[in-house]
file work20.cif (mmCIF, C-alpha atoms)
data_target
#
loop_
_atom_site.label_atom_id
_atom_site.label_comp_id
_atom_site.auth_asym_id
_atom_site.auth_seq_id
_atom_site.Cartn_x
_atom_site.Cartn_y
_atom_site.Cartn_z
CA MET Q 1 19.59 -0.92 -17.30
CA ALA Q 2 16.01 -2.03 -17.89
CA PRO Q 3 13.37 -1.26 -15.23
CA ILE Q 4 12.67 -3.89 -12.63
CA VAL Q 5 9.67 -5.98 -13.68
CA LEU Q 6 6.94 -6.44 -11.09
CA TYR Q 7 4.48 -9.28 -11.63
CA SER Q 8 1.40 -8.70 -9.50
CA THR Q 9 -2.34 -8.12 -9.46
CA ARG Q 10 -4.07 -4.82 -8.93
CA ARG Q 11 -5.82 -5.71 -5.68
CA THR Q 12 -3.28 -7.77 -3.78
CA PRO Q 13 -1.96 -5.84 -0.76
CA ALA Q 14 1.46 -7.43 -1.14
CA GLY Q 15 1.91 -6.16 -4.67
CA ARG Q 16 0.66 -2.74 -3.69
CA ALA Q 17 3.36 -2.59 -1.00
CA VAL Q 18 6.00 -3.07 -3.68
CA GLU Q 19 4.45 -0.35 -5.83
CA LEU Q 20 4.27 2.08 -2.88
CA THR Q 21 7.87 1.39 -1.92
CA ALA Q 22 9.03 2.08 -5.46
CA LYS Q 23 7.11 5.38 -5.46
CA MET Q 24 8.69 6.35 -2.15
CA ILE Q 25 12.24 5.85 -3.43
CA GLY Q 26 11.62 7.13 -6.95
CA LEU Q 27 12.23 3.77 -8.60
CA GLU Q 28 10.68 2.98 -11.97
CA LEU Q 29 8.92 -0.37 -12.25
CA ASP Q 30 7.60 -2.22 -15.26
CA VAL Q 31 4.36 -3.37 -13.65
CA GLN Q 32 2.78 -6.39 -15.30
CA TYR Q 33 -0.54 -7.49 -13.85
CA ILE Q 34 -1.19 -11.18 -14.36
CA ASP Q 35 -4.49 -13.05 -14.33
CA LEU Q 36 -4.52 -15.70 -11.63
CA ALA Q 37 -7.86 -17.04 -12.87
CA LYS Q 38 -6.14 -17.86 -16.16
CA LYS Q 39 -3.30 -19.50 -14.21
CA GLU Q 40 -0.72 -17.14 -15.64
CA HIS Q 41 1.26 -17.65 -12.45
CA LEU Q 42 1.61 -21.35 -13.24
CA THR Q 43 3.38 -21.06 -16.58
CA PRO Q 44 6.80 -22.74 -16.77
CA GLU Q 45 8.44 -19.33 -17.18
CA PHE Q 46 6.83 -17.93 -14.05
CA VAL Q 47 7.43 -21.03 -11.93
CA LYS Q 48 11.08 -20.93 -12.94
CA MET Q 49 11.30 -17.42 -11.44
CA ASN Q 50 9.21 -18.26 -8.41
CA PRO Q 51 8.68 -21.95 -7.53
CA MET Q 52 5.99 -20.89 -5.06
CA HIS Q 53 4.15 -19.20 -7.96
CA THR Q 54 2.98 -16.30 -5.80
CA VAL Q 55 2.55 -12.60 -6.46
CA PRO Q 56 4.23 -10.25 -6.15
CA THR Q 57 7.36 -11.44 -7.87
CA VAL Q 58 10.01 -9.11 -9.25
CA ASN Q 59 12.76 -9.63 -11.78
CA ASP Q 60 15.66 -7.23 -11.32
CA ASN Q 61 17.56 -7.69 -14.57
CA GLY Q 62 17.78 -11.44 -14.22
CA VAL Q 63 17.49 -11.64 -10.45
CA PRO Q 64 14.03 -12.94 -9.46
CA LEU Q 65 12.70 -12.30 -5.94
CA TYR Q 66 9.41 -13.07 -4.25
CA ASP Q 67 7.51 -12.27 -1.02
CA SER Q 68 6.59 -8.62 -0.66
CA HIS Q 69 8.48 -8.13 2.59
CA ALA Q 70 11.71 -9.50 1.16
CA ILE Q 71 11.19 -7.44 -1.99
CA ILE Q 72 10.57 -4.09 -0.31
CA ILE Q 73 13.57 -4.53 2.01
CA TYR Q 74 15.68 -5.34 -1.04
CA LEU Q 75 14.43 -2.34 -3.01
CA ALA Q 76 14.77 0.14 -0.14
CA THR Q 77 18.25 -1.12 0.73
CA LYS Q 78 19.60 -1.32 -2.80
CA TYR Q 79 17.91 1.65 -4.44
CA GLY Q 80 16.89 4.02 -1.64
CA LYS Q 81 18.79 7.31 -1.41
CA ASP Q 82 19.17 6.72 2.34
CA ASP Q 83 18.07 4.17 4.93
CA ALA Q 84 15.08 6.13 6.25
CA LEU Q 85 12.58 3.45 5.22
CA TYR Q 86 14.66 0.59 6.60
CA PRO Q 87 17.59 1.56 8.84
CA LEU Q 88 20.72 -0.51 8.43
CA LYS Q 89 22.65 0.63 11.51
CA ASP Q 90 19.85 1.24 14.02
CA LEU Q 91 19.20 -2.42 14.75
CA VAL Q 92 16.53 -1.75 17.35
CA LYS Q 93 14.46 0.29 14.89
CA GLN Q 94 15.11 -2.31 12.20
CA ALA Q 95 13.90 -5.07 14.52
CA ASN Q 96 10.74 -3.10 15.32
CA ILE Q 97 10.07 -2.65 11.62
CA ASN Q 98 10.59 -6.37 11.07
CA ALA Q 99 8.11 -7.13 13.85
CA LEU Q 100 5.45 -5.01 12.11
CA LEU Q 101 6.17 -6.66 8.77
CA HIS Q 102 5.44 -9.99 10.44
CA PHE Q 103 2.30 -8.48 11.97
CA GLU Q 104 1.14 -7.49 8.50
CA SER Q 105 1.71 -10.95 7.04
CA GLY Q 106 0.76 -13.04 10.05
CA VAL Q 107 -2.22 -11.07 11.33
CA LEU Q 108 -3.61 -8.44 8.95
CA PHE Q 109 -3.12 -10.18 5.61
CA ALA Q 110 -3.76 -13.63 7.06
CA ARG Q 111 -7.15 -12.55 8.39
CA LEU Q 112 -8.00 -10.71 5.18
CA ARG Q 113 -7.17 -13.78 3.11
CA TRP Q 114 -9.13 -16.00 5.53
CA ILE Q 115 -12.18 -13.91 4.65
CA LEU Q 116 -11.69 -13.17 0.96
CA GLU Q 117 -10.35 -16.42 -0.45
CA PRO Q 118 -13.49 -18.49 0.24
CA VAL Q 119 -15.69 -15.66 -1.06
CA PHE Q 120 -13.67 -14.88 -4.19
CA TYR Q 121 -12.74 -18.43 -5.20
CA TRP Q 122 -14.84 -21.01 -3.34
CA GLY Q 123 -18.35 -19.62 -3.73
CA GLN Q 124 -18.92 -18.79 -0.07
CA THR Q 125 -21.78 -16.29 0.25
CA GLU Q 126 -21.66 -15.59 3.99
CA VAL Q 127 -18.79 -14.60 6.24
CA PRO Q 128 -18.88 -16.19 9.69
CA GLN Q 129 -18.98 -13.74 12.57
CA GLU Q 130 -15.84 -15.24 14.06
CA LYS Q 131 -13.90 -14.03 11.03
CA ILE Q 132 -15.24 -10.50 11.39
CA ASP Q 133 -14.40 -10.64 15.10
CA SER Q 134 -10.83 -11.56 14.17
CA VAL Q 135 -10.58 -8.33 12.16
CA LEU Q 136 -11.75 -6.30 15.12
CA LYS Q 137 -9.16 -8.06 17.27
CA ALA Q 138 -6.51 -7.07 14.76
CA TYR Q 139 -7.68 -3.46 15.04
CA GLU Q 140 -7.33 -3.77 18.82
CA LEU Q 141 -3.74 -4.94 18.47
CA LEU Q 142 -2.89 -2.12 16.09
CA GLU Q 143 -4.65 0.42 18.30
CA ALA Q 144 -2.50 -0.68 21.24
CA THR Q 145 0.64 -0.52 19.11
CA LEU Q 146 -0.09 3.02 17.93
CA THR Q 147 -1.13 4.22 21.38
CA THR Q 148 1.89 2.73 23.13
CA GLY Q 149 4.31 4.05 20.52
CA GLY Q 150 3.04 7.58 20.88
CA THR Q 151 4.33 8.62 17.43
CA ASP Q 152 2.63 9.47 14.13
CA TYR Q 153 3.81 6.28 12.49
CA LEU Q 154 4.35 2.69 13.56
CA VAL Q 155 8.08 2.95 14.21
CA GLY Q 156 9.05 6.52 15.01
CA GLY Q 157 8.05 9.86 13.54
CA THR Q 158 8.52 9.10 9.86
CA ILE Q 159 7.19 6.60 7.35
CA THR Q 160 9.05 3.28 7.22
CA LEU Q 161 8.52 0.00 5.43
CA ALA Q 162 6.34 -1.02 8.36
CA ASP Q 163 3.80 1.67 7.47
CA ILE Q 164 3.94 0.89 3.76
CA SER Q 165 3.32 -2.82 4.30
CA VAL Q 166 0.68 -2.46 7.02
CA SER Q 167 -1.18 0.22 5.06
CA THR Q 168 -2.03 -2.17 2.24
CA SER Q 169 -3.85 -4.92 4.12
CA LEU Q 170 -5.21 -2.40 6.62
CA SER Q 171 -6.79 -0.21 3.93
CA THR Q 172 -8.53 -3.23 2.40
CA LEU Q 173 -9.74 -4.50 5.76
CA ASN Q 174 -11.00 -1.02 6.57
CA ALA Q 175 -12.87 -0.82 3.26
CA LEU Q 176 -14.64 -4.09 4.05
CA PHE Q 177 -15.07 -3.57 7.80
CA PRO Q 178 -14.63 0.15 8.65
CA ALA Q 179 -12.83 0.74 11.94
CA ASP Q 180 -15.09 2.45 14.48
CA ALA Q 181 -13.49 5.76 15.46
CA THR Q 182 -15.01 5.55 18.93
CA LYS Q 183 -13.33 2.18 19.56
CA PHE Q 184 -10.19 2.57 17.47
CA PRO Q 185 -9.43 6.31 17.31
CA ALA Q 186 -5.69 5.82 16.82
CA VAL Q 187 -6.24 3.41 13.92
CA VAL Q 188 -8.64 5.78 12.18
CA ALA Q 189 -6.33 8.76 12.70
CA TYR Q 190 -3.41 6.70 11.43
CA LEU Q 191 -5.25 5.78 8.23
CA GLN Q 192 -6.16 9.43 7.67
CA ARG Q 193 -2.55 10.45 8.25
CA LEU Q 194 -1.26 7.91 5.74
CA GLU Q 195 -3.76 9.09 3.15
CA GLN Q 196 -2.36 12.59 3.50
CA THR Q 197 1.36 11.76 3.66
CA LEU Q 198 2.07 8.51 1.79
CA PRO Q 199 2.64 9.21 -1.93
CA ASN Q 200 0.08 7.67 -4.30
CA TYR Q 201 -1.92 6.33 -1.33
CA LYS Q 202 -5.32 7.02 -2.92
CA GLU Q 203 -4.44 5.48 -6.26
CA ILE Q 204 -2.69 2.38 -4.91
CA ASN Q 205 -4.49 1.78 -1.62
CA THR Q 206 -7.87 3.52 -1.39
CA ASP Q 207 -9.02 2.98 -4.97
CA ARG Q 208 -7.88 -0.62 -5.15
CA ALA Q 209 -9.25 -1.45 -1.71
CA ASN Q 210 -12.58 -0.17 -3.01
CA GLU Q 211 -12.21 -2.47 -6.02
CA ALA Q 212 -11.86 -5.37 -3.60
CA LEU Q 213 -14.93 -4.14 -1.71
CA GLN Q 214 -16.98 -4.01 -4.92
CA LEU Q 215 -16.00 -7.56 -5.85
CA TYR Q 216 -16.65 -8.74 -2.28
CA ASN Q 217 -20.16 -7.25 -2.30
CA GLN Q 218 -20.81 -8.69 -5.74
CA LYS Q 219 -19.76 -12.17 -4.65
CA LEU Q 220 -21.97 -11.93 -1.56
CA GLY Q 221 -24.92 -10.75 -3.64
CA LYS Q 222 -25.03 -7.31 -2.04
CA VAL Q 223 -25.04 -5.47 -5.38
#
call {"tool": "encode", "arguments": {"input": "work20.cif", "output": "structure tokens"}}
result
Amino acid sequence: MAPIVLYSTRRTPAGRAVELTAKMIGLELDVQYIDLAKKEHLTPEFVKMNPMHTVPTVNDNGVPLYDSHAIIIYLATKYGKDDALYPLKDLVKQANINALLHFESGVLFARLRWILEPVFYWGQTEVPQEKIDSVLKAYELLEATLTTGGTDYLVGGTITLADISVSTSLSTLNALFPADATKFPAVVAYLQRLEQTLPNYKEINTDRANEALQLYNQKLGKV
């Protein structure tokens, strides 16, 4: 059987979540980075796979899927050696993971996109303070989540899909707007823990978050 094809971009947190999940479960991917500026996501072939023409999109031997959260649940459930990343029988833990996946998409990524899209694509050269404040508020929410949970990871004592997904947008936000360890000690410790324990974290998260930072600074005229 041919490897699953992943269509993505290097910097997008969503695509990185799929790559990290595959690394965690030992699944080979045929990663194909596409150029959004060249509208490669709008070709008839791509739109046929994904009418929303978003990345990441995967094609599992003729079965196309999109949205990173749907994809990583699918991969972990179908190809994982066990259900450690996404429990199938512990519905409470599963629900808590789902809640954090929604937090990633609805809060972390949404606020990151709110900042980056106008800078990367619309020519904006200043970021309003209210947008930066929204990032700090997101750190506050995550700080409370980590502190209340009292565990090393977001949902229990081991890495789950919640950590994989959250780590991607969080690492990029932290590259752009570093979390203050005096205000958000749990968030900073959590990021350090992930860097040490999540396979390929530096390559997929740290390095590519820094690529986003470089482009961000370039667009704002800081370099």
call {"tool": "residues_around", "arguments": {"input": "work20.cif", "residues": "stretch 197-213 of chain Q", "least_positions_apart": "2", "cutoff": "6 Å", "atoms": "only C-alpha atoms", "output": "PyMOL selection string"}}
result
chain Q and resi 11+172+176+194-195+215-216
call {"tool": "resolve_selection", "arguments": {"input": "work20.cif", "expression": "the PyMOL selection byres ((chain Q and resi 170) around 9)", "output": "list in words"}}
result
Pro13, Glu104, Leu108, Phe109, Leu112, Tyr139, Ser165, Val166, Ser167, Thr168, Ser169, Ser171, Thr172, Leu173, Asn174, Ala175 and Leu191 of chain Q
call {"tool": "atom_distance", "arguments": {"input": "work20.cif", "atom1": "atom CA of Q:Tyr190", "atom2": "atom CA of Q:Ile164"}}
result
12.1 Å
call {"tool": "resolve_selection", "arguments": {"input": "work20.cif", "expression": "the PyMOL selection byres ((chain Q and resi 140) around 12)", "output": "list in words"}}
result
Val107, Leu108, Asp133, Ser134, Val135, Leu136, Lys137, Ala138, Tyr139, Leu141, Leu142, Glu143, Ala144, Thr145, Leu146, Thr147, Ala179, Asp180, Ala181, Lys183, Phe184, Pro185, Ala186, Val187 and Val188 of chain Q
call {"tool": "resolve_selection", "arguments": {"input": "work20.cif", "expression": "the PyMOL selection byres ((chain Q and resi 36) around 12)", "output": "list in words"}}
result
Tyr7, Ser8, Thr9, Arg10, Arg11, Thr12, Tyr33, Ile34, Asp35, Ala37, Lys38, Lys39, Glu40, His41, Leu42, Thr43, Phe46, His53, Thr54, Val55, Pro56, Phe120 and Tyr121 of chain Q
call {"tool": "closest_residue", "arguments": {"input": "work20.cif", "among": "Q:Ile25, Q:Val155, Q:Val127, Q:Ala189", "to": "Q:Ile72", "atoms": "only C-alpha atoms"}}
result
Q:Ile25
call {"tool": "closest_residue", "arguments": {"input": "work20.cif", "among": "Q:Leu161, Q:Gly123, Q:Val92, Q:Pro87", "to": "Q:Val18", "atoms": "all atoms listed in the file"}}
result
Q:Leu161
call {"tool": "atom_distance", "arguments": {"input": "work20.cif", "atom1": "atom CA of Q:Gly15", "atom2": "atom CA of Q:Thr57"}}
result
8.2 Å
call {"tool": "closest_residue", "arguments": {"input": "work20.cif", "among": "Q:Ile132, Q:Tyr66, Q:Leu101, Q:Asp90", "to": "Q:Trp114", "atoms": "all atoms listed in the file"}}
result
Q:Ile132
call {"tool": "atom_distance", "arguments": {"input": "work20.cif", "atom1": "atom CA of Q:Thr21", "atom2": "atom CA of Q:Lys89"}}
result
20.0 Å
call {"tool": "closest_residue", "arguments": {"input": "work20.cif", "among": "Q:Gln124, Q:Thr182, Q:Asn61, Q:Asn50", "to": "Q:Val5", "atoms": "all atoms listed in the file"}}
result
Q:Asn61
call {"tool": "residues_around", "arguments": {"input": "work20.cif", "residues": "Q:Met1", "least_positions_apart": "6", "cutoff": "12 Å", "atoms": "all atoms listed in the file", "output": "VMD selection string"}}
result
chain Q and resid 28 to 29 60 to 62
call {"tool": "residues_around", "arguments": {"input": "work20.cif", "residues": "Q:Tyr79", "least_positions_apart": "2", "cutoff": "8 Å", "atoms": "all atoms listed in the file", "output": "list in words"}}
result
Ile25, Leu27, Leu75, Ala76, Thr77 and Lys81 of chain Q
call {"tool": "closest_residue", "arguments": {"input": "work20.cif", "among": "Q:Asn59, Q:Ile115, Q:Ala22, Q:Lys48", "to": "Q:Ile73", "atoms": "only C-alpha atoms"}}
result
Q:Ala22
call {"tool": "closest_residue", "arguments": {"input": "work20.cif", "among": "Q:Gln94, Q:Ser68, Q:Gln32, Q:Thr125", "to": "Q:Gln218", "atoms": "all atoms listed in the file"}}
result
Q:Thr125
call {"tool": "axis_aligned_box", "arguments": {"input": "work20.cif", "around": "stretch 67-79 of chain Q", "padding_each_side": "4 Å", "output": "JSON"}}
result
{"center_x": 13.1, "center_y": -5.3, "center_z": -0.9, "size_x": 21.0, "size_y": 21.9, "size_z": 15.0}
